[in-house]
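Beneath this line is the structure, given in structure tokens, with notes to follow.
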Amino acid sequence: MLPHSLDEAVHALARGPAVLPVAGGTDLMPRVNAGLLRPRALVGLSGLAELRQWQYEGRRLLIGAGVTWARLAGPDLAALVPALATAARQVGTPQIRMMGTLGGNLVARTREADAVPVLAALEATVSVLSPGGVREFLCDAAPAARLLPGELITGVRLPVLHGPQEFLKARTAAGFHATLALVADPAARGVRCAVGGVRPGAERTPGAERWLADRVDFGTGRLVDPEAPAHFGALVAEELSPGEGSRSTRAYEARVVAALARRAAERAFAG
């Protein structure tokens, strides 16, 4: 089905859980082709122009769920949300980036939803629409788990922060995947960090954030303690919730996350 409006789309989705939305299809269609999903019908969203746009709303940005990775990586959005642009540039192949969308990544049933830690660090809100109306929720975990039956993600709202932002990714030959987003908010004299890939969704580390913020000179944008990045990395790894697997596996995860956090702090506050 190809709806001509958002209202038509959400009413189609309300017909049952086996009716699924599809835009770029880079996550959904491989699962359908592999027999992991058997939708009764697909609701195509690519023709809905309002999902493919972004705009200012006061001091915040509204980015439509249909905005592609390639668009997110473009110079205009990169100047406003550099961490999200960095994440977008590292997604798949050029063909995937041309087709894959922000909304599709948010509902992907995979830990490799690279937009999620960036949005969690930015304290973005996810906007969803259903026949019952509009609601929003904080992007602080796996957004797909927060969706109710028949709801459609229409976009995300996020602040424009005039401070450094970093996004880093690590992938090992053994299949381990970790991402980390670090953003600074000079106006609030704060730092926010979110780790993705290691656990479902994204996980904030507020204790490590406060510790690092106390060691940033927000006037110069530099760290007052040259040893702070290494200690910050250790704090981030310690603050993550306990994972599954052997002790050696958890120790390896901690080392990778600590290295990502250290590197992000070094890059963000190098001056």
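Residues in the structure tokens are named by chain (A, B, ... in the order shown) and by number from 1 within that chain; ligands are numbered from 1 in the order shown.
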
Worksheet entry | Who sits within 10 Å of range 65-76 of chain A, only C-alpha atoms, same chain under 4 positions skipped, as a PyMOL selection string | chain A and resi 22-24+45-54+80-92+94-106+115+126-128+152-156

Item to complete: as a PyMOL selection string, please: all residues of range 19-264 of chain A that backbone DSSP puts in helix (DSSP H, G or I).
Response: chain A and resi 28-33+49-52+69-72+75-80+82-89+94-99+102-106+115-121+143-146+206-213+228-239+247-264

Item to complete: Write down as a PyMOL selection string the residues of range 35-237 of chain A whose backbone DSSP state falls under strand (DSSP E or B).
Response: chain A and resi 41-44+54-57+60-64+68+101+125-130+133-138+152-159+165-171+177-185+190-196+202-204+216-217+222-223

Val32 in chain A: which residues within 12 Å, counting only C-alpha atoms, same-chain residues fewer than 4 positions away excluded, as a PDB file with N, CA and C atoms, in the first residue's frame?
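Once everything was written out, this is selection-v4.pdb:
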```pdb
ATOM      1  N   ALA A  18       0.757  -7.317  11.935  1.00  0.00           N
ATOM      2  CA  ALA A  18       1.401  -7.902  10.758  1.00  0.00           C
ATOM      3  C   ALA A  18       1.466  -6.919   9.592  1.00  0.00           C
ATOM      4  N   LEU A  20       3.271  -3.703   8.350  1.00  0.00           N
ATOM      5  CA  LEU A  20       4.519  -3.042   8.729  1.00  0.00           C
ATOM      6  C   LEU A  20       4.839  -1.882   7.796  1.00  0.00           C
ATOM      7  N   VAL A  22       7.450   0.534   5.662  1.00  0.00           N
ATOM      8  CA  VAL A  22       8.726   0.360   4.990  1.00  0.00           C
ATOM      9  C   VAL A  22       9.069   1.655   4.260  1.00  0.00           C
ATOM     10  N   GLY A  25      13.903   0.211   3.486  1.00  0.00           N
ATOM     11  CA  GLY A  25      13.851  -1.250   3.473  1.00  0.00           C
ATOM     12  C   GLY A  25      15.177  -1.941   3.703  1.00  0.00           C
ATOM     13  N   THR A  26      16.227  -1.194   4.079  1.00  0.00           N
ATOM     14  CA  THR A  26      17.556  -1.803   4.203  1.00  0.00           C
ATOM     15  C   THR A  26      17.670  -2.741   5.395  1.00  0.00           C
ATOM     16  N   ASP A  27      16.838  -2.574   6.399  1.00  0.00           N
ATOM     17  CA  ASP A  27      16.812  -3.503   7.530  1.00  0.00           C
ATOM     18  C   ASP A  27      15.648  -4.473   7.414  1.00  0.00           C
ATOM     19  N   LEU A  28      14.493  -3.975   7.013  1.00  0.00           N
ATOM     20  CA  LEU A  28      13.288  -4.805   6.980  1.00  0.00           C
ATOM     21  C   LEU A  28      13.334  -5.870   5.893  1.00  0.00           C
ATOM     22  N   LEU A  36      12.388 -14.332   8.261  1.00  0.00           N
ATOM     23  CA  LEU A  36      12.321 -14.003   9.681  1.00  0.00           C
ATOM     24  C   LEU A  36      11.078 -13.190  10.008  1.00  0.00           C
ATOM     25  N   LEU A  37      10.534 -12.526   9.007  1.00  0.00           N
ATOM     26  CA  LEU A  37       9.296 -11.767   9.157  1.00  0.00           C
ATOM     27  C   LEU A  37       8.335 -12.170   8.046  1.00  0.00           C
ATOM     28  N   ARG A  38       7.053 -12.242   8.387  1.00  0.00           N
ATOM     29  CA  ARG A  38       6.033 -12.559   7.386  1.00  0.00           C
ATOM     30  C   ARG A  38       4.901 -11.541   7.509  1.00  0.00           C
ATOM     31  N   PRO A  39       5.123 -10.306   7.025  1.00  0.00           N
ATOM     32  CA  PRO A  39       4.081  -9.284   7.138  1.00  0.00           C
ATOM     33  C   PRO A  39       2.878  -9.606   6.258  1.00  0.00           C
ATOM     34  N   ARG A  40       1.708  -9.249   6.749  1.00  0.00           N
ATOM     35  CA  ARG A  40       0.489  -9.419   5.950  1.00  0.00           C
ATOM     36  C   ARG A  40       0.414  -8.360   4.863  1.00  0.00           C
ATOM     37  N   ALA A  41       0.978  -7.171   5.164  1.00  0.00           N
ATOM     38  CA  ALA A  41       0.999  -6.089   4.189  1.00  0.00           C
ATOM     39  C   ALA A  41       2.112  -5.123   4.568  1.00  0.00           C
ATOM     40  N   LEU A  42       2.607  -4.377   3.584  1.00  0.00           N
ATOM     41  CA  LEU A  42       3.611  -3.348   3.805  1.00  0.00           C
ATOM     42  C   LEU A  42       3.023  -1.994   3.440  1.00  0.00           C
TER      43      LEU A  42
END
```
